[in-house]
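**Student:** run-v9.tsv is the file, holding TSV, C-alpha atoms:
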```
chain	number	residue	atom	x	y	z
A	237	MET	CA	81.62	79.23	75.84
A	238	ARG	CA	79.47	82.05	74.47
A	239	TYR	CA	77.47	84.48	76.60
A	240	TYR	CA	74.59	86.49	75.13
A	241	TYR	CA	73.46	89.46	77.20
A	242	HIS	CA	72.56	93.10	77.42
A	243	PRO	CA	74.41	95.31	79.96
A	244	GLY	CA	71.18	97.07	80.96
A	245	SER	CA	69.44	93.89	82.10
A	246	PRO	CA	69.31	93.14	85.84
A	247	SER	CA	68.99	89.44	85.01
A	248	CYS	CA	72.16	89.63	82.95
A	249	ARG	CA	73.94	91.52	85.70
A	250	LYS	CA	74.05	88.48	87.99
A	251	VAL	CA	75.48	86.31	85.19
A	252	THR	CA	78.11	88.88	84.26
A	253	ALA	CA	79.14	89.18	87.89
A	254	VAL	CA	79.44	85.42	88.33
A	255	LEU	CA	81.52	85.09	85.17
A	256	ASP	CA	83.86	87.78	86.50
A	257	LEU	CA	83.97	86.40	90.04
A	258	LEU	CA	84.90	82.97	88.73
A	259	GLY	CA	87.26	84.25	86.06
A	260	VAL	CA	85.42	82.28	83.37
A	261	ASP	CA	86.61	83.02	79.84
A	262	ALA	CA	83.52	83.35	77.68
A	263	GLU	CA	82.92	85.10	74.39
A	264	ARG	CA	80.54	87.95	75.17
A	265	HIS	CA	77.91	88.98	72.66
A	266	ILE	CA	75.66	91.97	73.35
A	267	VAL	CA	72.18	91.33	72.01
A	268	ASP	CA	70.64	94.51	70.56
A	269	LEU	CA	67.32	94.45	72.39
A	270	PRO	CA	65.99	97.82	71.12
A	271	ARG	CA	66.37	96.59	67.54
A	272	GLY	CA	64.77	93.24	68.30
A	273	GLU	CA	67.82	91.05	67.77
A	274	GLN	CA	66.52	88.71	70.48
A	275	LEU	CA	63.55	87.86	68.24
A	276	GLN	CA	65.59	86.98	65.17
A	277	PRO	CA	65.95	83.32	64.11
A	278	ALA	CA	69.65	83.15	64.98
A	279	PHE	CA	69.02	84.04	68.62
A	280	LEU	CA	65.75	82.12	68.89
A	281	ALA	CA	67.73	79.02	67.98
A	282	ILE	CA	69.63	79.58	71.23
A	283	ASN	CA	66.75	80.73	73.42
A	284	PRO	CA	63.29	80.19	71.94
A	285	ASN	CA	61.87	82.55	74.56
A	286	GLY	CA	63.63	85.46	72.87
A	287	LYS	CA	65.17	86.77	76.08
A	288	VAL	CA	68.61	87.38	77.55
A	289	PRO	CA	70.72	86.09	79.15
A	290	ALA	CA	71.69	82.90	77.39
A	291	LEU	CA	74.84	80.82	77.61
A	292	VAL	CA	76.14	78.29	75.13
A	293	ASP	CA	78.55	75.83	76.73
A	294	GLY	CA	79.72	73.28	74.19
A	295	GLU	CA	76.61	71.80	72.60
A	296	ARG	CA	74.33	72.96	75.42
A	297	ALA	CA	72.30	76.16	75.34
A	298	ILE	CA	71.28	77.33	78.80
A	299	TRP	CA	68.74	80.05	79.52
A	300	GLU	CA	67.18	81.51	82.65
A	301	SER	CA	69.68	83.55	84.63
A	302	ASN	CA	69.54	81.49	87.81
A	303	ALA	CA	70.08	78.23	85.91
A	304	ILE	CA	73.08	79.80	84.19
A	305	ILE	CA	74.77	80.96	87.38
A	306	ILE	CA	74.21	77.57	89.05
A	307	HIS	CA	75.78	75.87	86.04
A	308	LEU	CA	78.79	78.20	86.12
A	309	ALA	CA	79.37	77.93	89.86
A	310	GLU	CA	78.92	74.16	89.97
A	311	ASN	CA	81.32	73.60	87.09
A	312	ALA	CA	83.89	75.79	88.86
A	313	GLY	CA	83.40	74.09	92.24
A	314	SER	CA	82.77	77.54	93.68
A	315	ASP	CA	81.71	78.36	97.23
A	316	LEU	CA	79.03	80.53	95.66
A	317	TRP	CA	77.19	77.20	95.28
A	318	PRO	CA	78.47	75.18	98.25
A	319	ALA	CA	78.20	71.40	98.05
A	320	ASP	CA	76.28	70.98	101.30
A	321	GLU	CA	72.88	71.53	102.90
A	322	ARG	CA	73.06	75.26	102.16
A	323	ARG	CA	72.05	74.56	98.57
A	324	LEU	CA	68.42	74.11	99.56
A	325	GLU	CA	68.43	77.48	101.33
A	326	ILE	CA	70.09	79.13	98.34
A	327	LEU	CA	67.50	77.64	95.99
A	328	LYS	CA	64.70	78.86	98.24
A	329	TRP	CA	65.86	82.46	97.89
A	330	MET	CA	66.50	82.10	94.17
A	331	PHE	CA	62.97	80.81	93.55
A	332	TRP	CA	61.61	83.57	95.80
A	333	GLU	CA	63.48	86.16	93.78
A	334	GLN	CA	62.14	84.91	90.47
A	335	GLY	CA	58.61	84.33	91.67
A	336	HIS	CA	58.08	87.48	93.69
A	337	LEU	CA	60.82	90.11	94.06
A	338	MET	CA	61.59	90.42	90.35
A	339	TYR	CA	58.08	91.65	89.55
A	340	ALA	CA	57.65	93.91	92.56
A	341	ALA	CA	60.97	95.64	91.82
A	342	GLY	CA	60.68	95.65	88.05
A	343	ILE	CA	57.18	97.01	87.51
A	344	PRO	CA	57.90	100.55	88.85
A	345	PHE	CA	60.91	100.87	86.56
A	346	PHE	CA	58.94	99.58	83.58
A	347	GLU	CA	55.99	101.86	84.23
A	348	ARG	CA	57.85	105.02	85.22
A	349	VAL	CA	60.91	104.87	82.97
A	350	LEU	CA	60.87	102.22	80.28
A	351	LYS	CA	57.34	102.80	78.94
A	352	ALA	CA	58.07	106.42	78.12
A	353	ALA	CA	61.44	105.52	76.62
A	354	ILE	CA	59.93	103.05	74.16
A	355	GLY	CA	56.77	104.99	73.43
A	356	LEU	CA	54.22	102.96	75.39
A	357	GLY	CA	52.51	105.93	77.00
A	358	PRO	CA	52.26	107.18	80.58
A	359	ALA	CA	52.85	105.15	83.70
A	360	ASP	CA	50.00	103.19	85.24
A	361	GLU	CA	50.44	104.55	88.75
A	362	LYS	CA	47.81	102.18	90.15
A	363	ARG	CA	49.95	99.29	89.00
A	364	VAL	CA	53.03	101.01	90.43
A	365	ALA	CA	51.33	101.45	93.81
A	366	GLU	CA	50.41	97.76	93.92
A	367	ALA	CA	53.97	96.79	93.03
A	368	LEU	CA	55.45	99.08	95.68
A	369	SER	CA	53.13	97.58	98.29
A	370	SER	CA	54.45	94.15	97.35
A	371	PHE	CA	58.01	95.48	97.29
A	372	ARG	CA	57.70	96.77	100.85
A	373	ARG	CA	56.25	93.47	102.06
A	374	LEU	CA	58.98	91.46	100.36
A	375	SER	CA	61.74	93.82	101.47
A	376	LYS	CA	60.56	93.37	105.04
A	377	VAL	CA	61.11	89.63	104.62
A	378	LEU	CA	64.56	90.28	103.14
A	379	ASP	CA	65.40	92.76	105.88
A	380	GLY	CA	64.46	90.24	108.54
A	381	GLN	CA	66.65	87.57	106.97
A	382	LEU	CA	69.60	89.97	106.96
A	383	ALA	CA	69.11	91.15	110.53
A	384	SER	CA	71.52	88.62	112.02
A	385	ARG	CA	73.79	87.79	109.10
A	386	SER	CA	75.96	89.52	106.53
A	387	PHE	CA	74.50	87.69	103.54
A	388	LEU	CA	71.32	85.82	102.77
A	389	VAL	CA	72.68	82.37	103.57
A	390	GLY	CA	75.08	82.77	106.48
A	391	ASP	CA	78.11	85.04	106.45
A	392	ALA	CA	79.49	84.25	103.01
A	393	LEU	CA	78.44	85.46	99.59
A	394	THR	CA	76.41	82.92	97.60
A	395	LEU	CA	74.36	82.82	94.43
A	396	ALA	CA	71.32	83.74	96.52
A	397	ASP	CA	72.73	87.23	97.14
A	398	LEU	CA	73.58	87.89	93.51
A	399	ALA	CA	70.22	86.61	92.30
A	400	ALA	CA	68.26	88.82	94.67
A	401	ALA	CA	70.43	91.94	94.48
A	402	GLY	CA	70.13	92.29	90.71
A	403	ASN	CA	66.55	93.43	91.23
A	404	PHE	CA	67.78	96.59	92.97
A	405	SER	CA	69.82	97.73	89.97
A	406	TYR	CA	67.26	100.39	88.99
A	407	ALA	CA	65.98	101.11	92.48
A	408	GLU	CA	66.49	104.87	92.28
A	409	LEU	CA	64.94	105.27	88.83
A	410	GLY	CA	61.98	103.13	89.78
A	411	GLY	CA	61.46	104.95	93.05
A	412	LEU	CA	61.92	101.87	95.22
A	413	PRO	CA	61.95	102.80	98.93
A	414	VAL	CA	65.12	100.88	99.73
A	415	GLY	CA	66.12	103.39	102.42
A	416	GLU	CA	63.25	102.19	104.58
A	417	PHE	CA	65.07	98.90	105.13
A	418	GLU	CA	68.28	99.27	107.10
A	419	ASN	CA	69.59	95.73	106.70
A	420	VAL	CA	68.83	95.61	102.98
A	421	SER	CA	70.64	98.92	102.52
A	422	ARG	CA	73.68	97.62	104.43
A	423	TRP	CA	73.70	94.40	102.39
A	424	LEU	CA	73.59	96.26	99.09
A	425	ALA	CA	76.42	98.52	100.23
A	426	GLU	CA	78.52	95.46	101.09
A	427	LEU	CA	77.88	93.94	97.69
A	428	ASP	CA	78.96	97.18	96.02
A	429	LYS	CA	82.39	96.72	97.64
A	430	ILE	CA	82.89	93.61	95.49
A	431	PRO	CA	84.51	94.78	92.22
A	432	ALA	CA	82.84	92.15	90.02
A	433	TRP	CA	79.42	93.15	91.32
A	434	ARG	CA	80.02	96.89	91.28
A	435	ASP	CA	81.46	96.79	87.77
A	436	SER	CA	78.50	94.80	86.44
A	437	ALA	CA	76.04	97.57	87.27
A	438	PRO	CA	73.94	98.71	84.29
A	439	PRO	CA	75.19	101.83	82.51
A	440	PRO	CA	73.25	105.06	82.99
A	441	PHE	CA	69.82	104.57	81.48
A	442	GLY	CA	69.88	105.49	77.83
A	443	GLY	CA	73.68	105.24	77.78
```
Before we go any further, please render this structure as structure tokens.
**Tutor:**
Amino acid sequence: MRYYYHPGSPSCRKVTAVLDLLGVDAERHIVDLPRGEQLQPAFLAINPNGKVPALVDGERAIWESNAIIIHLAENAGSDLWPADERRLEILKWMFWEQGHLMYAAGIPFFERVLKAAIGLGPADEKRVAEALSSFRRLSKVLDGQLASRSFLVGDALTLADLAAAGNFSYAELGGLPVGEFENVSRWLAELDKIPAWRDSAPPPFGG
């Protein structure tokens, strides 16, 4: 099994954490994103979208972070992907994360930090304001879900938590108002007590 990733990617963070939680032995290959390695023919043969993460398991190339972690957890028979009616609830939150939260959380970081780092000019603060408005609305939904439970789907860690939490990896740099949401803050603190999750955090930006 070969895992292609970049340690600074929130989408890769969830895959790295699942690999470590499950103790899966995979060859790890860092893709040099700043130098455009993801757009070279060798990598495009694995993921034609030119994005990380990607996983090669035998003859199968799997891309999209949530598909990868489902594949890993199902193959391991892990409780992160329980074989019961909770799967539908987990999928609901994973689709919600990809369709909504990822953009609301990612745009402020891109505009305020990444654009300057890669020479794309100043932040579009109008776009940031729109994203933060969406982030607050979505975080209110997340906060409500966590009001009466420790994790997103009941009181046990599942793939839903790891999928959603990756989007908070650059919360401070992006200026995300996480502190406004008590239950979300508690949930993130609990996740940080899990070594595999804590250790998968992106390195300091630029490091």
**Student:** Ranking A:Ala297, A:Leu393, A:Val292, A:Leu412 by minimum distance to A:Ile430 and counting only C-alpha atoms, which one comes first?
**Tutor:**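 Ranking A:Ala297, A:Leu393, A:Val292, A:Leu412 by distance to A:Ile430, first place goes to A:Leu393.
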**Student:** Do you have, as CSV, the list of residues of stretch 287-344 of chain A lying at most 12 Å from stretch 367-382 of chain A, each with its nearest atom pair and that distance in Å to one decimal, counting only C-alpha atoms and ordered by chain then number?
**Tutor:**
```
residue,atom,partner,partner_atom,distance
A:Glu325,CA,A:Gln381,CA,11.7
A:Trp329,CA,A:Leu378,CA,9.5
A:Trp332,CA,A:Leu374,CA,9.5
A:Glu333,CA,A:Leu374,CA,9.6
A:Gly335,CA,A:Leu374,CA,11.2
A:His336,CA,A:Leu374,CA,7.8
A:Leu337,CA,A:Leu374,CA,6.7
A:Met338,CA,A:Phe371,CA,9.3
A:Tyr339,CA,A:Ala367,CA,7.4
A:Ala340,CA,A:Ala367,CA,4.7
A:Ala341,CA,A:Phe371,CA,6.2
A:Gly342,CA,A:Ala367,CA,8.4
A:Ile343,CA,A:Ala367,CA,6.4
A:Pro344,CA,A:Ala367,CA,6.9
```
**Student:** With a cut-off of 9 Å, could you pull out the residues of stretch 295-364 of chain A touching stretch 238-252 of chain A and give me the nearest pair of atoms for each, distance in Å to one decimal, using all atoms listed in the file, ordered by chain and ascending number, as a tab-separated table?
**Tutor:**
```
residue	atom	partner	partner_atom	distance
A:Glu300	CA	A:Ser247	CA	8.5
A:Ser301	CA	A:Ser247	CA	5.9
A:Asn302	CA	A:Val251	CA	8.1
A:Ile304	CA	A:Val251	CA	7.0
A:Ile305	CA	A:Val251	CA	5.8
A:Leu308	CA	A:Val251	CA	8.8
```
**Student:** Counting only C-alpha atoms, what are the residues of stretch 240-265 of chain A within 10 Å of stretch 311-322 of chain A, and for each of them which pair of atoms is the nearest and at what distance in Å, to one decimal? Sort the table by chain and rising number, as JSON lines.
**Tutor:**
```
{"residue": "A:Val254", "atom": "CA", "partner": "A:Leu316", "partner_atom": "CA", "distance": 8.8}
{"residue": "A:Leu257", "atom": "CA", "partner": "A:Leu316", "partner_atom": "CA", "distance": 9.5}
{"residue": "A:Leu258", "atom": "CA", "partner": "A:Ala312", "partner_atom": "CA", "distance": 7.3}
{"residue": "A:Gly259", "atom": "CA", "partner": "A:Ala312", "partner_atom": "CA", "distance": 9.5}
{"residue": "A:Val260", "atom": "CA", "partner": "A:Ala312", "partner_atom": "CA", "distance": 8.6}
```
**Student:** I'd like the interatomic distance between atom CA of A:Ser436 and atom CA of A:Ala253, to a tenth of an Å.
**Tutor:**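 A separation of 5.8 Å between them.
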**Student:** My list of candidates is A:Asp261, A:Asp428, A:Asp293, A:Glu366. Which is closest to A:Gly402 when distances are computed with only C-alpha atoms?
**Tutor:**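 Closest candidate: A:Asp428.
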